[in-house]
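**Q** File follows, work.txt with compact mmCIF, N, CA and C atoms:
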# COMPACT_ATOMS: atom_id res chain seq x y z
N MET A 1 0.86 -1.17 0.00
CA MET A 1 0.00 0.00 0.00
C MET A 1 0.90 1.23 0.00
N SER A 2 0.90 2.00 -1.06
CA SER A 2 1.82 3.12 -1.15
C SER A 2 1.18 4.47 -0.82
N LEU A 3 -0.13 4.58 -0.90
CA LEU A 3 -0.79 5.84 -0.62
C LEU A 3 -0.89 6.04 0.89
N ARG A 4 -0.33 7.15 1.35
CA ARG A 4 -0.35 7.47 2.78
C ARG A 4 -1.20 8.70 3.00
N ALA A 5 -2.06 8.61 4.00
CA ALA A 5 -2.94 9.71 4.35
C ALA A 5 -2.83 9.97 5.84
N THR A 6 -2.96 11.25 6.22
CA THR A 6 -2.93 11.63 7.63
C THR A 6 -4.22 12.36 7.94
N LEU A 7 -4.89 11.92 9.00
CA LEU A 7 -6.11 12.56 9.46
C LEU A 7 -5.80 13.24 10.78
N TYR A 8 -5.88 14.57 10.80
CA TYR A 8 -5.70 15.34 12.02
C TYR A 8 -7.05 15.42 12.71
N ALA A 9 -7.08 14.97 13.96
CA ALA A 9 -8.34 14.83 14.67
C ALA A 9 -8.10 15.01 16.16
N LYS A 10 -9.16 14.86 16.95
CA LYS A 10 -9.02 14.83 18.40
C LYS A 10 -10.14 13.98 18.99
N PRO A 11 -9.91 13.42 20.17
CA PRO A 11 -10.92 12.57 20.81
C PRO A 11 -12.21 13.35 21.06
N GLY A 12 -13.32 12.65 20.91
CA GLY A 12 -14.61 13.26 21.19
C GLY A 12 -15.17 14.11 20.07
N CYS A 13 -14.49 14.14 18.94
CA CYS A 13 -14.93 14.95 17.79
C CYS A 13 -15.79 14.06 16.88
N HIS A 14 -17.09 14.32 16.84
CA HIS A 14 -17.96 13.46 16.04
C HIS A 14 -17.68 13.58 14.55
N LEU A 15 -17.28 14.75 14.08
CA LEU A 15 -16.92 14.90 12.66
C LEU A 15 -15.68 14.07 12.33
N CYS A 16 -14.76 14.01 13.28
CA CYS A 16 -13.55 13.21 13.08
C CYS A 16 -13.90 11.73 13.00
N GLU A 17 -14.79 11.29 13.89
CA GLU A 17 -15.21 9.89 13.89
C GLU A 17 -15.92 9.53 12.59
N GLN A 18 -16.74 10.44 12.08
CA GLN A 18 -17.44 10.20 10.81
C GLN A 18 -16.44 10.09 9.67
N ALA A 19 -15.46 11.01 9.64
CA ALA A 19 -14.44 10.98 8.57
C ALA A 19 -13.64 9.68 8.64
N LEU A 20 -13.29 9.26 9.84
CA LEU A 20 -12.53 8.02 10.01
C LEU A 20 -13.34 6.83 9.50
N GLY A 21 -14.62 6.79 9.80
CA GLY A 21 -15.48 5.71 9.31
C GLY A 21 -15.58 5.70 7.80
N GLU A 22 -15.71 6.86 7.19
CA GLU A 22 -15.77 6.95 5.73
C GLU A 22 -14.46 6.51 5.09
N LEU A 23 -13.34 6.91 5.68
CA LEU A 23 -12.04 6.50 5.14
C LEU A 23 -11.86 4.99 5.22
N GLU A 24 -12.32 4.39 6.30
CA GLU A 24 -12.26 2.92 6.41
C GLU A 24 -13.13 2.28 5.34
N ARG A 25 -14.33 2.83 5.12
CA ARG A 25 -15.24 2.29 4.12
C ARG A 25 -14.63 2.40 2.71
N LEU A 26 -13.92 3.49 2.45
CA LEU A 26 -13.35 3.74 1.13
C LEU A 26 -12.04 2.99 0.89
N ARG A 27 -11.50 2.38 1.94
CA ARG A 27 -10.18 1.72 1.83
C ARG A 27 -10.16 0.61 0.78
N ARG A 28 -11.26 -0.13 0.63
CA ARG A 28 -11.28 -1.22 -0.37
C ARG A 28 -11.15 -0.67 -1.78
N ARG A 29 -11.82 0.42 -2.06
CA ARG A 29 -11.80 0.99 -3.41
C ARG A 29 -10.52 1.79 -3.65
N TYR A 30 -10.06 2.48 -2.61
CA TYR A 30 -8.87 3.33 -2.71
C TYR A 30 -7.92 2.92 -1.58
N PRO A 31 -7.12 1.88 -1.80
CA PRO A 31 -6.22 1.41 -0.74
C PRO A 31 -5.31 2.52 -0.24
N HIS A 32 -5.23 2.65 1.08
CA HIS A 32 -4.39 3.68 1.67
C HIS A 32 -3.99 3.28 3.08
N GLU A 33 -2.87 3.82 3.49
CA GLU A 33 -2.38 3.66 4.85
C GLU A 33 -2.76 4.94 5.58
N LEU A 34 -3.51 4.83 6.66
CA LEU A 34 -4.01 6.00 7.36
C LEU A 34 -3.33 6.16 8.71
N GLN A 35 -2.80 7.35 8.94
CA GLN A 35 -2.25 7.71 10.24
C GLN A 35 -3.19 8.75 10.85
N VAL A 36 -3.67 8.50 12.05
CA VAL A 36 -4.53 9.45 12.74
C VAL A 36 -3.67 10.17 13.77
N VAL A 37 -3.64 11.51 13.69
CA VAL A 37 -2.83 12.31 14.60
C VAL A 37 -3.77 13.06 15.53
N ASP A 38 -3.59 12.85 16.83
CA ASP A 38 -4.37 13.53 17.87
C ASP A 38 -3.76 14.91 18.09
N ILE A 39 -4.45 15.94 17.61
CA ILE A 39 -3.90 17.30 17.72
C ILE A 39 -3.88 17.79 19.16
N SER A 40 -4.71 17.22 20.03
CA SER A 40 -4.77 17.69 21.42
C SER A 40 -3.50 17.34 22.19
N ALA A 41 -2.66 16.47 21.64
CA ALA A 41 -1.41 16.09 22.29
C ALA A 41 -0.25 17.03 21.92
N ASP A 42 -0.51 18.03 21.07
CA ASP A 42 0.56 18.92 20.58
C ASP A 42 0.01 20.33 20.45
N ALA A 43 0.59 21.26 21.19
CA ALA A 43 0.11 22.65 21.19
C ALA A 43 0.18 23.29 19.81
N GLU A 44 1.23 23.01 19.06
CA GLU A 44 1.37 23.59 17.72
C GLU A 44 0.30 23.05 16.78
N LEU A 45 0.04 21.75 16.83
CA LEU A 45 -1.01 21.18 15.99
C LEU A 45 -2.39 21.69 16.39
N THR A 46 -2.61 21.88 17.67
CA THR A 46 -3.89 22.43 18.14
C THR A 46 -4.07 23.84 17.60
N ARG A 47 -3.00 24.64 17.65
CA ARG A 47 -3.07 26.00 17.12
C ARG A 47 -3.33 25.98 15.61
N ARG A 48 -2.66 25.08 14.91
CA ARG A 48 -2.74 25.04 13.45
C ARG A 48 -4.09 24.49 12.95
N TYR A 49 -4.59 23.44 13.61
CA TYR A 49 -5.76 22.74 13.10
C TYR A 49 -7.01 22.84 13.98
N GLY A 50 -6.90 23.42 15.16
CA GLY A 50 -7.94 23.37 16.17
C GLY A 50 -9.37 23.57 15.70
N GLU A 51 -9.64 24.62 14.94
CA GLU A 51 -11.00 24.91 14.50
C GLU A 51 -11.35 24.30 13.15
N ARG A 52 -10.38 23.65 12.52
CA ARG A 52 -10.61 23.13 11.17
C ARG A 52 -10.78 21.62 11.11
N ILE A 53 -10.60 20.92 12.23
CA ILE A 53 -10.63 19.46 12.19
C ILE A 53 -12.01 18.93 11.89
N PRO A 54 -12.06 17.77 11.30
CA PRO A 54 -10.93 16.94 10.86
C PRO A 54 -10.30 17.50 9.58
N VAL A 55 -9.00 17.29 9.47
CA VAL A 55 -8.25 17.69 8.28
C VAL A 55 -7.54 16.46 7.74
N LEU A 56 -7.73 16.18 6.45
CA LEU A 56 -7.07 15.07 5.79
C LEU A 56 -5.95 15.61 4.92
N ASN A 57 -4.76 15.04 5.11
CA ASN A 57 -3.60 15.44 4.32
C ASN A 57 -3.12 14.23 3.53
N ILE A 58 -3.09 14.39 2.21
CA ILE A 58 -2.54 13.36 1.33
C ILE A 58 -1.54 14.06 0.41
N ALA A 59 -0.28 13.66 0.53
CA ALA A 59 0.79 14.20 -0.32
C ALA A 59 0.83 15.73 -0.29
N GLY A 60 0.62 16.30 0.89
CA GLY A 60 0.70 17.75 1.03
C GLY A 60 -0.57 18.50 0.69
N HIS A 61 -1.58 17.82 0.18
CA HIS A 61 -2.85 18.46 -0.15
C HIS A 61 -3.81 18.25 1.00
N GLU A 62 -4.32 19.35 1.57
CA GLU A 62 -5.21 19.26 2.72
C GLU A 62 -6.66 19.51 2.34
N SER A 63 -7.53 18.69 2.92
CA SER A 63 -8.98 18.88 2.83
C SER A 63 -9.45 19.01 4.26
N GLU A 64 -10.25 20.04 4.54
CA GLU A 64 -10.68 20.26 5.92
C GLU A 64 -12.18 20.13 6.06
N ALA A 65 -12.63 20.07 7.29
CA ALA A 65 -14.05 19.90 7.61
C ALA A 65 -14.88 20.95 6.89
N PRO A 66 -16.06 20.53 6.46
CA PRO A 66 -16.64 19.20 6.63
C PRO A 66 -16.11 18.23 5.58
N LEU A 67 -15.76 17.03 6.05
CA LEU A 67 -15.21 16.00 5.17
C LEU A 67 -16.31 14.98 4.85
N SER A 68 -17.13 15.33 3.89
CA SER A 68 -18.19 14.42 3.47
C SER A 68 -17.58 13.23 2.75
N ALA A 69 -18.37 12.20 2.56
CA ALA A 69 -17.91 11.02 1.81
C ALA A 69 -17.42 11.43 0.43
N ALA A 70 -18.13 12.35 -0.22
CA ALA A 70 -17.75 12.79 -1.58
C ALA A 70 -16.40 13.50 -1.56
N VAL A 71 -16.16 14.34 -0.57
CA VAL A 71 -14.88 15.07 -0.46
C VAL A 71 -13.74 14.08 -0.23
N LEU A 72 -13.94 13.12 0.65
CA LEU A 72 -12.91 12.12 0.93
C LEU A 72 -12.63 11.25 -0.29
N GLU A 73 -13.68 10.83 -0.97
CA GLU A 73 -13.49 10.01 -2.16
C GLU A 73 -12.74 10.78 -3.25
N ARG A 74 -13.08 12.04 -3.43
CA ARG A 74 -12.39 12.87 -4.42
C ARG A 74 -10.90 12.99 -4.07
N ALA A 75 -10.58 13.20 -2.80
CA ALA A 75 -9.17 13.34 -2.38
C ALA A 75 -8.41 12.04 -2.63
N LEU A 76 -9.02 10.92 -2.29
CA LEU A 76 -8.36 9.62 -2.51
C LEU A 76 -8.22 9.31 -3.99
N ARG A 77 -9.24 9.61 -4.78
CA ARG A 77 -9.19 9.35 -6.21
C ARG A 77 -8.08 10.20 -6.86
N ARG A 78 -8.00 11.47 -6.48
CA ARG A 78 -6.97 12.36 -7.01
C ARG A 78 -5.58 11.84 -6.66
N ALA A 79 -5.40 11.38 -5.44
CA ALA A 79 -4.09 10.88 -5.01
C ALA A 79 -3.74 9.59 -5.72
N ASN A 80 -4.71 8.73 -5.94
CA ASN A 80 -4.46 7.46 -6.64
C ASN A 80 -4.14 7.69 -8.11
N ALA A 81 -4.65 8.77 -8.68
CA ALA A 81 -4.40 9.06 -10.09
C ALA A 81 -3.00 9.66 -10.32
N SER A 82 -2.42 10.17 -9.26
CA SER A 82 -1.10 10.82 -9.38
C SER A 82 0.01 9.83 -9.55
Go ahead and render the structure in this file as structure tokens.
**A**
Amino acid sequence: MSLRATLYAKPGCHLCEQALGELERLRRRYPHELQVVDISADAELTRRYGERIPVLNIAGHESEAPLSAAVLERALRRANAS
């Protein structure tokens, strides 16, 4: 699996949980390795992403909340086409 994605999130964030569920669902169609980063564990990440989470980063391209299924699929499709 060569496609790597990072989801910036924090515990208790329902939008983050929804995005994570959608990414898992999309994994069969768009194989990817997902790293979930808890922004609450890092002051700089909290400052950078705090009001925008969840944020998905694939190859330097960021998509921020709201991360609907369509937005996530588009990001994965674009990355797989590269």
**Q** Would you pick out the contacts of region 19-32 of chain A at 6 Å or less, using all atoms listed in the file, so that residues sharing its chain but fewer than 4 positions from it are not included, and give the list as a tab-separated table (two decimals) with N, CA and C atoms, in the frame of the given file?
**A**
chain	number	residue	atom	x	y	z
A	1	MET	N	0.86	-1.17	0.00
A	1	MET	CA	0.00	0.00	0.00
A	1	MET	C	0.90	1.23	0.00
A	3	LEU	N	-0.13	4.58	-0.90
A	3	LEU	CA	-0.79	5.84	-0.62
A	3	LEU	C	-0.89	6.04	0.89
A	4	ARG	N	-0.33	7.15	1.35
A	4	ARG	CA	-0.35	7.47	2.78
A	4	ARG	C	-1.20	8.70	3.00
A	5	ALA	N	-2.06	8.61	4.00
A	5	ALA	CA	-2.94	9.71	4.35
A	5	ALA	C	-2.83	9.97	5.84
A	14	HIS	N	-17.09	14.32	16.84
A	14	HIS	CA	-17.96	13.46	16.04
A	14	HIS	C	-17.68	13.58	14.55
A	15	LEU	N	-17.28	14.75	14.08
A	15	LEU	CA	-16.92	14.90	12.66
A	15	LEU	C	-15.68	14.07	12.33
A	67	LEU	N	-15.76	17.03	6.05
A	67	LEU	CA	-15.21	16.00	5.17
A	67	LEU	C	-16.31	14.98	4.85
**Q** Counting only C-alpha atoms, what is within 9 Å of Glu64 (chain A), bar same-chain residues fewer than 5 positions away, as a PyMOL selection string?
**A** chain A and resi 52-57
**Q** Just write the chosen residues, N, CA and C atoms, as an mmCIF file, keeping the file's coordinate frame.
**A**
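Saved result, result-v9.cif, follows:
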data_model
loop_
_atom_site.group_PDB
_atom_site.id
_atom_site.type_symbol
_atom_site.label_atom_id
_atom_site.label_comp_id
_atom_site.auth_asym_id
_atom_site.auth_seq_id
_atom_site.Cartn_x
_atom_site.Cartn_y
_atom_site.Cartn_z
ATOM 1 N N ARG A 52 -10.380 23.650 12.520
ATOM 2 C CA ARG A 52 -10.610 23.130 11.170
ATOM 3 C C ARG A 52 -10.780 21.620 11.110
ATOM 4 N N ILE A 53 -10.600 20.920 12.230
ATOM 5 C CA ILE A 53 -10.630 19.460 12.190
ATOM 6 C C ILE A 53 -12.010 18.930 11.890
ATOM 7 N N PRO A 54 -12.060 17.770 11.300
ATOM 8 C CA PRO A 54 -10.930 16.940 10.860
ATOM 9 C C PRO A 54 -10.300 17.500 9.580
ATOM 10 N N VAL A 55 -9.000 17.290 9.470
ATOM 11 C CA VAL A 55 -8.250 17.690 8.280
ATOM 12 C C VAL A 55 -7.540 16.460 7.740
ATOM 13 N N LEU A 56 -7.730 16.180 6.450
ATOM 14 C CA LEU A 56 -7.070 15.070 5.790
ATOM 15 C C LEU A 56 -5.950 15.610 4.920
ATOM 16 N N ASN A 57 -4.760 15.040 5.110
ATOM 17 C CA ASN A 57 -3.600 15.440 4.320
ATOM 18 C C ASN A 57 -3.120 14.230 3.530
#
**Q** Using only C-alpha atoms for the distances, tell me which of A:Arg48, A:Ser2, A:Glu17, A:Ala65 is nearest to Ser82 (chain A).
**A**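 Of A:Arg48, A:Ser2, A:Glu17, A:Ala65, the one nearest Ser82 (chain A) is A:Ser2, counting only C-alpha atoms.
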**Q** Can you tell me, as a ChimeraX atom specification, which residues in region 3-55 of chain A count as strand (DSSP E or B) by DSSP?
**A** /A:4-9,33-38,55
**Q** For region 59-64 of chain A, what centre and edge lengths in Å (one decimal) does the axis-aligned box get once 8 Å is added on each side of all its listed atoms, as JSON?
**A**
{"center_x": -5.7, "center_y": 17.0, "center_z": 2.9, "size_x": 29.0, "size_y": 22.6, "size_z": 22.4}
**Q** Of the candidates A:Arg74, A:Ala69, A:Ala79, A:Ile58, which shows the shortest atom-to-atom distance to Gln35 (chain A), using only C-alpha atoms?
**A**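 Checking each candidate against Gln35 (chain A), we get A:Ile58 as the closest.
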**Q** Which distance in Å separates atom N of Leu34 (chain A) and CA of Leu72 (chain A), to one decimal?
**A** 13.2 Å
**Q** Would you kindly return, as a list in words, each protein, DNA or RNA residue with an atom no farther than 8 Å from any atom of Val36 (chain A), considering all atoms listed in the file and excluding same-chain residues fewer than 3 positions away?
**A** Ala5, Thr6, Leu7, Tyr8, Ala9, Lys10, Glu33 and Ile39 of chain A
**Q** Figure out the distance between atom N of Glu62 (chain A) and CA of Gly50 (chain A), please, to one decimal in Å.
**A**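 That distance, rounded to one decimal, is 15.6 Å.
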**Q** What is the CA of Cys13 (chain A)-CA of Gly60 (chain A) distance in Å, reported with one decimal?
**A**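 So the two atoms, CA of Cys13 (chain A) and CA of Gly60 (chain A), lie 23.1 Å apart.
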**Q** From region 7-38 of chain A, collect each residue whose DSSP state is helix (DSSP H, G or I) and return the set as a list of chain:residue names.
**A**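 DSSP-assigned helix (DSSP H, G or I) residues in region 7-38 of chain A: A:His14, A:Leu15, A:Cys16, A:Glu17, A:Gln18, A:Ala19, A:Leu20, A:Gly21, A:Glu22, A:Leu23, A:Glu24, A:Arg25, A:Leu26.
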